[in-house]
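Chemist: Data file target.cif (mmCIF, C-alpha atoms) is appended below.
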```
data_structure
loop_
_atom_site.label_atom_id
_atom_site.label_comp_id
_atom_site.auth_asym_id
_atom_site.auth_seq_id
_atom_site.Cartn_x
_atom_site.Cartn_y
_atom_site.Cartn_z
CA MET A 1255 74.16 89.33 99.94
CA GLN A 1256 74.76 85.68 99.27
CA VAL A 1257 75.62 83.62 102.37
CA TYR A 1258 78.33 80.94 102.25
CA ILE A 1259 78.55 78.35 105.05
CA GLU A 1260 81.99 76.91 105.89
CA ALA A 1261 83.36 77.69 102.43
CA ASP A 1262 86.11 75.31 101.40
CA ARG A 1263 89.58 76.89 101.26
CA LYS A 1264 89.87 75.90 97.62
CA SER A 1265 87.07 78.36 96.85
CA TRP A 1266 88.57 81.28 98.77
CA SER A 1267 90.45 82.79 95.83
CA GLU A 1268 87.18 83.09 93.93
CA LEU A 1269 85.37 84.50 96.97
CA CYS A 1270 88.11 87.12 97.31
CA LEU A 1271 87.63 88.48 93.78
CA ARG A 1272 86.62 92.12 93.51
CA PRO A 1273 83.97 93.41 91.10
CA SER A 1274 86.53 95.44 89.16
CA SER A 1275 89.25 92.80 88.93
CA ASP A 1276 90.93 92.21 85.56
CA ASN A 1277 88.66 94.23 83.28
CA PRO A 1278 90.27 94.40 79.81
CA VAL A 1279 87.58 96.76 78.55
CA VAL A 1280 88.45 99.33 81.23
CA ARG A 1281 92.17 99.01 80.49
CA GLU A 1282 91.63 99.53 76.76
CA ARG A 1283 89.53 102.65 77.36
CA VAL A 1284 92.06 104.06 79.80
CA GLU A 1285 94.94 103.47 77.39
CA LYS A 1286 93.10 105.46 74.72
CA ILE A 1287 92.33 108.31 77.15
CA VAL A 1288 95.95 108.45 78.31
CA ALA A 1289 97.22 108.52 74.72
CA ARG A 1290 94.88 111.39 73.83
CA VAL A 1291 95.94 113.47 76.81
CA LYS A 1292 99.60 112.83 76.11
CA ALA A 1293 99.17 113.92 72.50
CA ASP A 1294 96.73 116.83 72.83
CA GLY A 1295 96.86 117.99 76.46
CA ASP A 1296 94.20 120.54 77.43
CA GLU A 1297 92.36 120.10 74.14
CA ALA A 1298 91.96 116.37 74.82
CA ILE A 1299 90.77 117.06 78.38
CA ARG A 1300 88.04 119.41 77.14
CA ALA A 1301 86.98 116.95 74.45
CA LEU A 1302 86.83 114.08 76.96
CA SER A 1303 84.74 116.21 79.32
CA ARG A 1304 82.21 116.68 76.52
CA GLU A 1305 82.24 113.02 75.48
CA ILE A 1306 82.21 111.37 78.91
CA ASP A 1307 80.43 113.87 81.17
CA GLY A 1308 78.55 116.06 78.71
CA VAL A 1309 80.22 119.16 80.18
CA GLU A 1310 81.75 122.04 78.22
CA MET A 1311 84.92 123.14 79.95
CA GLY A 1312 86.45 126.59 79.65
CA GLU A 1313 89.33 127.53 81.93
CA LEU A 1314 90.55 124.42 83.74
CA LEU A 1315 92.16 126.24 86.66
CA VAL A 1316 89.78 127.19 89.46
CA SER A 1317 89.77 130.98 89.87
CA GLU A 1318 89.87 133.04 93.06
CA ALA A 1319 86.28 134.09 92.35
CA GLU A 1320 85.22 130.43 92.25
CA PHE A 1321 86.95 129.79 95.59
CA ALA A 1322 85.13 132.75 97.13
CA GLU A 1323 81.80 131.65 95.71
CA ALA A 1324 82.33 128.14 97.08
CA ALA A 1325 83.28 129.37 100.56
CA ALA A 1326 80.06 131.39 100.71
CA LYS A 1327 78.01 128.26 99.96
CA VAL A 1328 79.52 126.04 102.66
CA SER A 1329 77.65 126.14 105.96
CA GLN A 1330 79.44 127.17 109.13
CA GLU A 1331 78.66 123.75 110.59
CA VAL A 1332 80.57 122.03 107.77
CA LYS A 1333 83.43 124.52 108.10
CA ASP A 1334 83.64 123.76 111.82
CA ALA A 1335 83.60 120.02 111.11
CA ILE A 1336 86.43 120.41 108.58
CA ALA A 1337 88.48 122.37 111.12
CA ALA A 1338 87.89 119.77 113.86
CA ALA A 1339 88.77 116.84 111.60
CA ALA A 1340 91.84 118.68 110.31
CA ARG A 1341 93.18 119.09 113.86
CA ASN A 1342 93.06 115.35 114.49
CA ILE A 1343 94.48 114.43 111.08
CA ARG A 1344 97.31 116.94 111.47
CA ALA A 1345 98.15 115.76 114.99
CA PHE A 1346 98.31 112.10 114.01
CA HIS A 1347 100.46 112.77 110.95
CA GLU A 1348 102.78 115.20 112.75
CA ALA A 1349 103.51 112.40 115.22
CA GLN A 1350 104.71 110.25 112.30
CA MET A 1351 107.45 112.64 111.17
CA PRO A 1352 110.74 110.74 111.05
CA SER A 1353 113.91 112.06 112.63
CA PRO A 1354 117.26 112.13 110.82
CA VAL A 1355 119.53 109.17 111.53
CA CYS A 1356 123.24 109.70 112.14
CA LEU A 1357 125.50 106.80 113.08
CA GLU A 1358 129.19 105.95 113.09
CA THR A 1359 129.04 102.40 111.74
CA ALA A 1360 132.80 101.89 112.11
CA PRO A 1361 135.68 104.10 113.24
CA GLY A 1362 135.95 106.96 110.78
CA VAL A 1363 132.79 105.90 108.88
CA ARG A 1364 129.76 108.09 109.47
CA CYS A 1365 126.36 107.52 107.79
CA TRP A 1366 123.28 109.72 107.76
CA GLN A 1367 119.68 109.36 106.60
CA LYS A 1368 117.67 112.53 106.05
CA PRO A 1369 113.94 112.82 105.19
CA VAL A 1370 113.27 115.13 102.22
CA ALA A 1371 109.77 116.11 101.07
CA ILE A 1372 108.62 115.33 97.52
CA GLY A 1373 108.71 118.53 95.50
CA LYS A 1374 105.46 118.52 93.55
CA VAL A 1375 102.55 116.25 94.42
CA GLY A 1376 99.30 115.70 92.55
CA LEU A 1377 96.14 115.02 94.53
CA TYR A 1378 93.16 113.31 92.93
CA ILE A 1379 89.83 113.93 94.65
CA PRO A 1380 86.89 111.79 93.48
CA GLY A 1381 83.69 113.62 92.57
CA GLY A 1382 80.92 112.09 90.54
CA THR A 1383 78.08 110.87 92.71
CA ALA A 1384 79.71 111.90 96.02
CA PRO A 1385 82.36 114.65 96.06
CA LEU A 1386 84.79 113.46 98.72
CA PHE A 1387 86.02 116.68 100.31
CA SER A 1388 87.28 114.64 103.26
CA THR A 1389 89.93 113.23 100.92
CA VAL A 1390 91.26 116.75 100.44
CA LEU A 1391 92.12 116.79 104.14
CA MET A 1392 93.54 113.28 104.08
CA LEU A 1393 95.98 114.09 101.28
CA SER A 1394 96.84 117.76 101.62
CA ILE A 1395 97.37 117.87 105.39
CA PRO A 1396 100.10 115.19 105.50
CA ALA A 1397 101.65 116.71 102.36
CA LYS A 1398 101.88 120.05 104.14
CA VAL A 1399 103.15 118.45 107.35
CA ALA A 1400 105.85 116.65 105.34
CA GLY A 1401 106.87 119.97 103.78
CA CYS A 1402 105.92 119.37 100.14
CA PRO A 1403 106.35 122.79 98.48
CA GLU A 1404 103.69 122.46 95.74
CA LEU A 1405 100.28 120.77 95.81
CA VAL A 1406 98.24 120.35 92.62
CA LEU A 1407 94.68 119.05 92.92
CA CYS A 1408 92.42 117.62 90.22
CA THR A 1409 88.73 116.88 90.73
CA PRO A 1410 85.75 116.50 88.41
CA VAL A 1411 82.93 118.99 88.09
CA SER A 1412 79.25 118.23 88.60
CA ARG A 1413 77.52 117.13 85.43
CA THR A 1414 74.55 119.34 86.28
CA SER A 1415 76.27 122.55 87.40
CA GLY A 1416 79.59 122.24 85.60
CA LYS A 1417 81.28 123.34 88.84
CA VAL A 1418 83.43 121.73 91.51
CA ALA A 1419 81.60 120.90 94.74
CA PRO A 1420 81.84 123.91 97.09
CA GLU A 1421 83.03 121.75 99.99
CA VAL A 1422 85.95 120.43 97.92
CA LEU A 1423 87.08 123.94 97.02
CA TYR A 1424 86.66 125.21 100.58
CA ALA A 1425 88.65 122.27 101.97
CA ALA A 1426 91.39 122.82 99.36
CA SER A 1427 91.65 126.50 100.29
CA PHE A 1428 91.55 125.70 104.02
CA CYS A 1429 94.40 123.21 103.65
CA GLY A 1430 96.58 125.46 101.50
CA VAL A 1431 96.42 123.64 98.18
CA ASP A 1432 98.25 125.70 95.55
CA LYS A 1433 96.20 124.97 92.40
CA VAL A 1434 92.90 123.20 91.74
CA PHE A 1435 91.91 122.01 88.27
CA LYS A 1436 88.47 121.03 87.02
CA VAL A 1437 89.25 117.64 85.56
CA GLY A 1438 88.50 114.13 86.73
CA GLY A 1439 88.84 110.51 85.71
CA ALA A 1440 91.73 108.83 83.91
CA GLN A 1441 92.36 112.07 82.01
CA ALA A 1442 93.21 113.88 85.26
CA VAL A 1443 95.77 111.23 86.14
CA ALA A 1444 97.28 111.45 82.66
CA ALA A 1445 97.40 115.25 82.83
CA MET A 1446 99.31 115.21 86.12
CA ALA A 1447 101.63 112.47 84.87
CA TYR A 1448 102.58 114.16 81.57
CA GLY A 1449 101.77 117.80 82.23
CA THR A 1450 99.75 120.01 79.89
CA VAL A 1451 99.74 123.73 79.10
CA SER A 1452 97.46 124.30 82.12
CA ILE A 1453 98.23 121.42 84.46
CA PRO A 1454 101.76 120.94 85.84
CA LYS A 1455 103.55 117.62 85.66
CA VAL A 1456 103.94 116.25 89.19
CA ASP A 1457 106.40 113.90 90.85
CA LYS A 1458 103.85 111.66 92.56
CA ILE A 1459 100.08 111.18 92.33
CA PHE A 1460 97.89 110.46 95.33
CA GLY A 1461 94.24 109.67 95.79
CA PRO A 1462 91.52 107.05 95.40
CA GLY A 1463 89.14 106.72 92.49
CA ASN A 1464 87.01 104.39 90.44
CA GLN A 1465 88.42 101.58 88.33
CA TYR A 1466 89.30 103.99 85.52
CA VAL A 1467 91.33 106.22 87.83
CA THR A 1468 93.01 103.22 89.46
CA THR A 1469 93.87 101.68 86.10
CA ALA A 1470 95.34 104.98 84.87
CA LYS A 1471 97.47 105.27 88.01
CA GLN A 1472 98.77 101.74 87.65
CA LEU A 1473 99.42 102.17 83.93
CA LEU A 1474 101.30 105.45 84.30
CA GLY A 1475 102.89 104.51 87.60
CA ASN A 1476 104.92 101.89 85.79
CA ARG A 1477 106.64 104.43 83.56
CA GLU A 1478 105.80 108.13 83.96
CA VAL A 1479 105.11 109.08 87.57
CA ALA A 1480 105.22 107.68 91.08
CA ILE A 1481 101.89 106.77 92.69
CA ASP A 1482 100.82 106.27 96.27
CA MET A 1483 99.27 102.83 95.83
CA PRO A 1484 96.50 101.03 93.95
CA ALA A 1485 93.41 102.60 95.52
CA GLY A 1486 90.22 101.78 93.67
CA PRO A 1487 86.57 101.20 94.57
CA SER A 1488 86.00 101.19 98.32
CA GLU A 1489 85.54 98.01 100.35
CA VAL A 1490 85.00 96.87 103.91
CA MET A 1491 85.07 93.55 105.75
CA VAL A 1492 83.38 93.09 109.11
CA LEU A 1493 84.32 90.20 111.41
CA ALA A 1494 81.47 89.49 113.82
CA ASP A 1495 80.61 87.10 116.62
CA GLU A 1496 77.74 86.97 119.13
CA THR A 1497 78.97 90.19 120.80
CA ALA A 1498 78.42 92.22 117.62
CA VAL A 1499 75.30 94.37 117.27
CA PRO A 1500 73.61 93.48 113.95
CA ALA A 1501 72.37 97.04 113.43
CA TYR A 1502 75.90 98.40 113.83
CA VAL A 1503 77.38 95.81 111.49
CA ALA A 1504 74.73 96.49 108.85
CA ALA A 1505 75.34 100.23 109.09
CA ASP A 1506 79.07 99.71 108.61
CA LEU A 1507 78.51 97.51 105.57
CA LEU A 1508 76.13 100.03 104.04
CA SER A 1509 78.49 102.95 104.68
CA GLN A 1510 80.84 101.41 102.12
CA ALA A 1511 78.21 100.02 99.77
CA GLU A 1512 76.84 103.52 99.22
CA HIS A 1513 80.14 104.68 97.69
CA GLY A 1514 79.18 103.17 94.36
CA ALA A 1515 78.04 100.16 92.40
CA ASP A 1516 81.59 98.84 92.10
CA SER A 1517 82.19 98.87 95.87
CA GLN A 1518 82.20 95.61 97.81
CA VAL A 1519 81.31 94.69 101.38
CA MET A 1520 82.05 91.42 103.15
CA LEU A 1521 80.64 89.96 106.35
CA VAL A 1522 82.55 87.12 108.02
CA CYS A 1523 80.87 85.77 111.12
CA THR A 1524 80.71 82.84 113.49
CA SER A 1525 77.12 81.66 112.89
CA LYS A 1526 74.34 81.74 110.34
CA ASP A 1527 72.09 83.38 112.93
CA ILE A 1528 74.41 86.40 112.97
CA ALA A 1529 74.54 86.48 109.17
CA ASP A 1530 70.74 86.34 108.94
CA ALA A 1531 70.30 89.07 111.56
CA VAL A 1532 72.75 91.36 109.78
CA CYS A 1533 71.19 90.72 106.37
CA GLU A 1534 67.78 91.58 107.82
CA GLU A 1535 69.18 94.85 109.19
CA VAL A 1536 70.85 95.60 105.86
CA GLU A 1537 67.51 95.28 104.09
CA LYS A 1538 65.74 97.42 106.68
CA GLN A 1539 68.37 100.22 106.63
CA THR A 1540 68.76 100.21 102.86
CA ALA A 1541 65.08 101.08 102.47
CA VAL A 1542 65.61 104.52 104.01
CA LEU A 1543 68.90 105.45 102.30
CA GLY A 1544 69.06 108.17 99.69
CA ARG A 1545 71.64 106.21 97.66
CA ALA A 1546 69.77 102.91 97.83
CA ASP A 1547 70.30 102.26 94.12
CA PHE A 1548 74.09 102.27 94.53
CA VAL A 1549 73.80 100.17 97.68
CA GLU A 1550 71.68 97.50 96.04
CA ARG A 1551 74.05 97.17 93.09
CA ALA A 1552 77.05 96.90 95.41
CA LEU A 1553 75.29 94.29 97.55
CA GLU A 1554 74.76 92.12 94.49
CA LYS A 1555 78.54 91.63 94.40
CA SER A 1556 78.97 91.31 98.16
CA ARG A 1557 79.06 88.23 100.37
CA ALA A 1558 78.49 86.91 103.87
CA LEU A 1559 80.59 83.99 105.05
CA VAL A 1560 80.10 81.80 108.10
CA PHE A 1561 83.02 80.02 109.75
CA SER A 1562 82.78 78.24 113.09
CA SER A 1563 86.58 78.37 113.45
CA VAL A 1564 88.26 81.62 114.47
CA GLU A 1565 91.35 80.37 112.64
CA ASP A 1566 89.36 80.26 109.39
CA ILE A 1567 87.99 83.75 110.03
CA VAL A 1568 91.48 85.17 110.53
CA ASP A 1569 92.93 83.31 107.57
CA PHE A 1570 90.15 84.43 105.25
CA ALA A 1571 90.53 88.04 106.40
CA ASN A 1572 94.23 87.87 105.60
CA ALA A 1573 93.56 86.23 102.25
CA TYR A 1574 91.09 88.97 101.32
CA GLY A 1575 93.33 91.83 102.50
CA SER A 1576 90.55 94.35 103.00
CA GLU A 1577 90.89 98.11 102.68
CA HIS A 1578 88.88 98.57 105.89
CA LEU A 1579 88.57 95.79 108.46
CA ILE A 1580 86.15 96.07 111.37
CA ILE A 1581 86.53 93.53 114.17
CA SER A 1582 83.30 93.29 116.15
CA MET A 1583 84.31 90.31 118.23
CA LYS A 1584 84.78 89.66 121.93
CA ASP A 1585 88.58 89.32 121.86
CA TYR A 1586 89.16 91.88 119.13
CA TRP A 1587 92.74 92.71 120.15
CA GLN A 1588 93.73 89.04 119.99
CA ILE A 1589 92.19 88.82 116.53
CA ALA A 1590 93.80 92.08 115.41
CA ASP A 1591 97.25 90.85 116.44
CA ARG A 1592 96.87 88.02 113.93
CA ILE A 1593 95.83 90.24 111.03
CA VAL A 1594 98.68 90.90 108.61
CA SER A 1595 96.74 92.20 105.59
CA ALA A 1596 94.47 95.22 106.04
CA GLY A 1597 94.59 98.89 105.17
CA SER A 1598 93.08 100.14 108.43
CA ILE A 1599 91.56 98.20 111.33
CA PHE A 1600 88.62 99.31 113.50
CA LEU A 1601 88.23 97.64 116.89
CA GLY A 1602 85.04 96.93 118.81
CA ASN A 1603 81.42 97.94 118.50
CA PHE A 1604 82.03 101.66 118.79
CA SER A 1605 84.70 102.13 116.13
CA PRO A 1606 82.73 102.64 112.91
CA GLU A 1607 84.66 102.91 109.66
CA SER A 1608 83.16 106.39 109.27
CA ALA A 1609 85.39 107.59 112.12
CA GLY A 1610 88.49 106.81 110.10
CA ASP A 1611 86.92 108.20 106.95
CA TYR A 1612 86.50 111.62 108.51
CA ALA A 1613 87.84 112.59 111.86
CA SER A 1614 89.70 110.11 114.11
CA GLY A 1615 93.03 111.17 112.64
CA THR A 1616 94.13 108.11 110.67
CA ASN A 1617 94.28 108.39 106.89
CA HIS A 1618 91.43 107.04 104.80
CA THR A 1619 93.40 106.72 101.54
CA LEU A 1620 94.08 102.99 101.67
CA PRO A 1621 95.03 100.08 99.40
CA THR A 1622 92.14 98.12 97.92
CA CYS A 1623 91.73 94.90 95.92
CA GLY A 1624 94.01 92.93 98.22
CA TRP A 1625 96.96 95.31 97.79
CA SER A 1626 97.14 95.70 101.58
CA ARG A 1627 99.31 92.59 101.46
CA ALA A 1628 102.08 94.79 100.03
CA PHE A 1629 101.09 98.45 100.48
CA SER A 1630 100.43 100.75 103.43
CA GLY A 1631 97.79 103.43 103.44
CA VAL A 1632 98.84 107.03 102.90
CA ASN A 1633 101.00 108.37 105.73
CA ILE A 1634 103.84 110.84 106.22
CA ASP A 1635 106.32 108.45 104.60
CA SER A 1636 104.23 108.64 101.43
CA PHE A 1637 105.26 112.28 100.96
CA ILE A 1638 108.96 112.05 101.70
CA ARG A 1639 112.08 110.42 100.36
CA LYS A 1640 114.97 109.40 102.56
CA ILE A 1641 118.39 110.36 101.25
CA THR A 1642 121.46 108.69 102.71
CA TYR A 1643 124.90 110.27 103.14
CA GLN A 1644 128.25 108.85 104.09
CA GLU A 1645 131.55 110.47 105.05
CA LEU A 1646 134.71 108.40 105.43
CA THR A 1647 138.00 109.66 106.82
CA ARG A 1648 141.28 108.30 105.42
CA GLU A 1649 141.47 106.00 108.43
CA GLY A 1650 137.84 104.97 108.00
CA LEU A 1651 138.42 103.96 104.38
CA GLN A 1652 141.55 102.06 105.33
CA GLY A 1653 139.55 100.15 107.90
CA LEU A 1654 136.97 99.11 105.29
CA SER A 1655 139.29 98.69 102.31
CA LYS A 1656 139.95 94.95 102.69
CA THR A 1657 136.20 94.24 103.00
CA ILE A 1658 135.31 96.39 99.97
CA VAL A 1659 138.09 95.03 97.75
CA GLU A 1660 137.35 91.40 98.61
CA MET A 1661 133.65 91.81 97.83
CA ALA A 1662 134.20 93.83 94.64
CA GLU A 1663 136.72 91.38 93.21
CA ALA A 1664 134.49 88.43 94.11
CA GLU A 1665 131.76 90.07 92.02
CA GLY A 1666 134.20 90.63 89.17
CA LEU A 1667 133.97 94.43 89.43
CA GLN A 1668 137.63 95.45 89.27
CA ALA A 1669 136.93 99.17 88.88
CA HIS A 1670 135.01 99.13 92.14
CA ALA A 1671 138.04 97.62 93.87
CA ASN A 1672 140.39 100.08 92.17
CA ALA A 1673 138.36 103.04 93.45
CA VAL A 1674 139.50 101.96 96.93
CA LYS A 1675 143.01 100.82 96.06
CA VAL A 1676 143.87 104.10 94.35
CA ARG A 1677 143.23 105.96 97.60
CA LYS A 1678 145.75 103.94 99.64
#
```
Mind converting the file's structure to structure tokens?

Modeler:
Amino acid sequence: MQVYIEADRKSWSELCLRPSSDNPVVRERVEKIVARVKADGDEAIRALSREIDGVEMGELLVSEAEFAEAAAKVSQEVKDAIAAAARNIRAFHEAQMPSPVCLETAPGVRCWQKPVAIGKVGLYIPGGTAPLFSTVLMLSIPAKVAGCPELVLCTPVSRTSGKVAPEVLYAASFCGVDKVFKVGGAQAVAAMAYGTVSIPKVDKIFGPGNQYVTTAKQLLGNREVAIDMPAGPSEVMVLADETAVPAYVAADLLSQAEHGADSQVMLVCTSKDIADAVCEEVEKQTAVLGRADFVERALEKSRALVFSSVEDIVDFANAYGSEHLIISMKDYWQIADRIVSAGSIFLGNFSPESAGDYASGTNHTLPTCGWSRAFSGVNIDSFIRKITYQELTREGLQGLSKTIVEMAEAEGLQAHANAVKVRK
């Protein structure tokens, strides 16, 4: 990790760049994949599986026999962990359920707002180097709590076995997912957006992924299907002062760096001594990690920044808009109150990002690449729409008629005004 001391604010925009930002090569490849899936459906998906992953695909839909085989391979300890995490995730998301709103805004004018679940949702679960079965819980549990009637899940198979990770299938079955399909990458997003013979077209697509998946979601989200948010390669920022434990900070940075080579981790601290101590711990802990190759490549694109001013630390954190933000500082609540751009915030030395990734109850599907300035992470609201209703009595309309007519005529919309006048 390169260390920057008191970086000038003029350089912040460059320091906030992500490894996958603005990649025209990725966009061009994704556009071609999307076009092939739109034109040839299942046939294109099978061809892309051969070309990209070297896997021959038969039936895309996971069978009952495959679910049973997967369940037999998952240890009881993992099953118990899934059940425990699911309880917390369900409890936190159940607490978010909105209540209907009913209000008489004026005499004889009654307005309602009613939450309605999205009908058919598509869930994308990353596979590749680390099948993220925890994401199955994070997406399917709130969808079920919200009342979504149909859940469709797409996830890639292993290049070596040609099968979906057993834990992913067990989690999908445990959470009540309706259909699971063996397809990943941009082609999975395209399949759920357009629909194929095998894979249903959905109303909204959820889930994180690499830059190809994120680009496909953004591309298709502009025209074919709703998406949860831009959620690409994982990232974390840790804010640290003298109260932080370097070993803890290093472990938190590495927990994100091991996601993949296109992940990014950022350390922002109050002294070079802290930066040096954390970097030393990062090197020490990396040496014993099984995914050290991914970590080292991610660290090449990661940075440590030193600011003596807390104001600069807060401002840089907001400028970066991290997916995960860990505040390992003495007055962490005071700092947190000033943060306006972050997907999820972890407070103090004993709140590792891993807790949110798996079992605390908050959702780990979060905006990346600075999109936390405009997007929330996945929550109950992500799976519902809010429909409004209004009922006016004759007296209620009479009471509003002058206001409506004046405004409509001022906008030059005579028919709008006439729709009120005709009812007098």

Chemist: Could you please determine the separation between atom CA of Val1431 of chain A and atom CA of Val1443 of chain A in Å, to one decimal place?

Modeler: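 Computing the Euclidean distance for atom CA of Val1431 of chain A and atom CA of Val1443 of chain A yields 17.3 Å.
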
Chemist: Around the point (90.7, 117.1, 85.3) (coordinates from the file), which residues reach within 6 Å if we count all atoms listed in the file? Answer as a list in words.

Modeler: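 Residues close enough to count: Cys1408, Thr1409, Pro1410, Phe1435, Lys1436, Val1437, Gly1438 and Ala1442 of chain A.
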
Chemist: Which polymer residues have any atom within 8 Å of an atom of Ala1339 of chain A, counting only C-alpha atoms, with same-chain residues fewer than 4 positions away left out, as a ChimeraX atom specification?

Modeler: /A:1335,1343,1612-1615

Chemist: Which residues would end up in the selection if the PyMOL selection byres ((chain A and resi 1439) around 12) were applied here, given that I need the answer as a PyMOL selection string?

Modeler: chain A and resi 1283-1284+1287-1288+1291+1299+1302-1303+1306-1307+1378-1382+1408-1411+1436-1438+1440-1446+1461-1471+1486

Chemist: Hey, what's within 12 Å of Ser1563 of chain A if we count all atoms listed in the file and toss same-chain stuff fewer than 2 positions away? As a PyMOL selection string, please?

Modeler: chain A and resi 1259-1261+1495+1522-1525+1559-1561+1565-1570

Chemist: If you count only C-alpha atoms, which residues fall within 6 Å of segment 1618-1622 of chain A, apart from same-chain ones fewer than 4 positions away, as a PDB file with C-alpha atoms, in the coordinates of the input?

Modeler:
```pdb
ATOM      1  CA  PRO A1484      96.500 101.030  93.950  1.00  0.00           C
ATOM      2  CA  ALA A1485      93.410 102.600  95.520  1.00  0.00           C
ATOM      3  CA  GLY A1486      90.220 101.780  93.670  1.00  0.00           C
ATOM      4  CA  GLU A1577      90.890  98.110 102.680  1.00  0.00           C
ATOM      5  CA  GLY A1597      94.590  98.890 105.170  1.00  0.00           C
ATOM      6  CA  ASP A1611      86.920 108.200 106.950  1.00  0.00           C
ATOM      7  CA  SER A1626      97.140  95.700 101.580  1.00  0.00           C
ATOM      8  CA  GLY A1631      97.790 103.430 103.440  1.00  0.00           C
ATOM      9  CA  VAL A1632      98.840 107.030 102.900  1.00  0.00           C
TER      10      VAL A1632
END
```

Chemist: For Glu1478 of chain A, which residue among A:Leu1314, A:Met1392, A:Val1456, A:Val1676 is the nearest when counting all atoms listed in the file?

Modeler: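 Under the stated criterion, the closest residue is A:Val1456.
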
Chemist: Care to translate the PyMOL selection byres ((chain A and resi 1498-1507) around 10) into actual residues of this file, as a PDB file with C-alpha atoms, keeping the file's coordinate frame?

Modeler:
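And here is the file that came out, selection-v6.pdb:
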```pdb
ATOM      1  CA  GLU A1489      85.540  98.010 100.350  1.00  0.00           C
ATOM      2  CA  VAL A1490      85.000  96.870 103.910  1.00  0.00           C
ATOM      3  CA  MET A1491      85.070  93.550 105.750  1.00  0.00           C
ATOM      4  CA  VAL A1492      83.380  93.090 109.110  1.00  0.00           C
ATOM      5  CA  LEU A1493      84.320  90.200 111.410  1.00  0.00           C
ATOM      6  CA  ALA A1494      81.470  89.490 113.820  1.00  0.00           C
ATOM      7  CA  ASP A1495      80.610  87.100 116.620  1.00  0.00           C
ATOM      8  CA  GLU A1496      77.740  86.970 119.130  1.00  0.00           C
ATOM      9  CA  THR A1497      78.970  90.190 120.800  1.00  0.00           C
ATOM     10  CA  LEU A1508      76.130 100.030 104.040  1.00  0.00           C
ATOM     11  CA  SER A1509      78.490 102.950 104.680  1.00  0.00           C
ATOM     12  CA  GLN A1510      80.840 101.410 102.120  1.00  0.00           C
ATOM     13  CA  ALA A1511      78.210 100.020  99.770  1.00  0.00           C
ATOM     14  CA  GLU A1512      76.840 103.520  99.220  1.00  0.00           C
ATOM     15  CA  GLN A1518      82.200  95.610  97.810  1.00  0.00           C
ATOM     16  CA  VAL A1519      81.310  94.690 101.380  1.00  0.00           C
ATOM     17  CA  MET A1520      82.050  91.420 103.150  1.00  0.00           C
ATOM     18  CA  LEU A1521      80.640  89.960 106.350  1.00  0.00           C
ATOM     19  CA  CYS A1523      80.870  85.770 111.120  1.00  0.00           C
ATOM     20  CA  ILE A1528      74.410  86.400 112.970  1.00  0.00           C
ATOM     21  CA  ALA A1529      74.540  86.480 109.170  1.00  0.00           C
ATOM     22  CA  ASP A1530      70.740  86.340 108.940  1.00  0.00           C
ATOM     23  CA  ALA A1531      70.300  89.070 111.560  1.00  0.00           C
ATOM     24  CA  VAL A1532      72.750  91.360 109.780  1.00  0.00           C
ATOM     25  CA  CYS A1533      71.190  90.720 106.370  1.00  0.00           C
ATOM     26  CA  GLU A1534      67.780  91.580 107.820  1.00  0.00           C
ATOM     27  CA  GLU A1535      69.180  94.850 109.190  1.00  0.00           C
ATOM     28  CA  VAL A1536      70.850  95.600 105.860  1.00  0.00           C
ATOM     29  CA  GLU A1537      67.510  95.280 104.090  1.00  0.00           C
ATOM     30  CA  LYS A1538      65.740  97.420 106.680  1.00  0.00           C
ATOM     31  CA  GLN A1539      68.370 100.220 106.630  1.00  0.00           C
ATOM     32  CA  THR A1540      68.760 100.210 102.860  1.00  0.00           C
ATOM     33  CA  VAL A1549      73.800 100.170  97.680  1.00  0.00           C
ATOM     34  CA  LEU A1553      75.290  94.290  97.550  1.00  0.00           C
ATOM     35  CA  SER A1556      78.970  91.310  98.160  1.00  0.00           C
ATOM     36  CA  ILE A1580      86.150  96.070 111.370  1.00  0.00           C
ATOM     37  CA  ILE A1581      86.530  93.530 114.170  1.00  0.00           C
ATOM     38  CA  SER A1582      83.300  93.290 116.150  1.00  0.00           C
ATOM     39  CA  MET A1583      84.310  90.310 118.230  1.00  0.00           C
ATOM     40  CA  LYS A1584      84.780  89.660 121.930  1.00  0.00           C
ATOM     41  CA  GLY A1602      85.040  96.930 118.810  1.00  0.00           C
ATOM     42  CA  ASN A1603      81.420  97.940 118.500  1.00  0.00           C
ATOM     43  CA  PHE A1604      82.030 101.660 118.790  1.00  0.00           C
ATOM     44  CA  SER A1605      84.700 102.130 116.130  1.00  0.00           C
ATOM     45  CA  PRO A1606      82.730 102.640 112.910  1.00  0.00           C
ATOM     46  CA  GLU A1607      84.660 102.910 109.660  1.00  0.00           C
ATOM     47  CA  SER A1608      83.160 106.390 109.270  1.00  0.00           C
TER      48      SER A1608
END
```
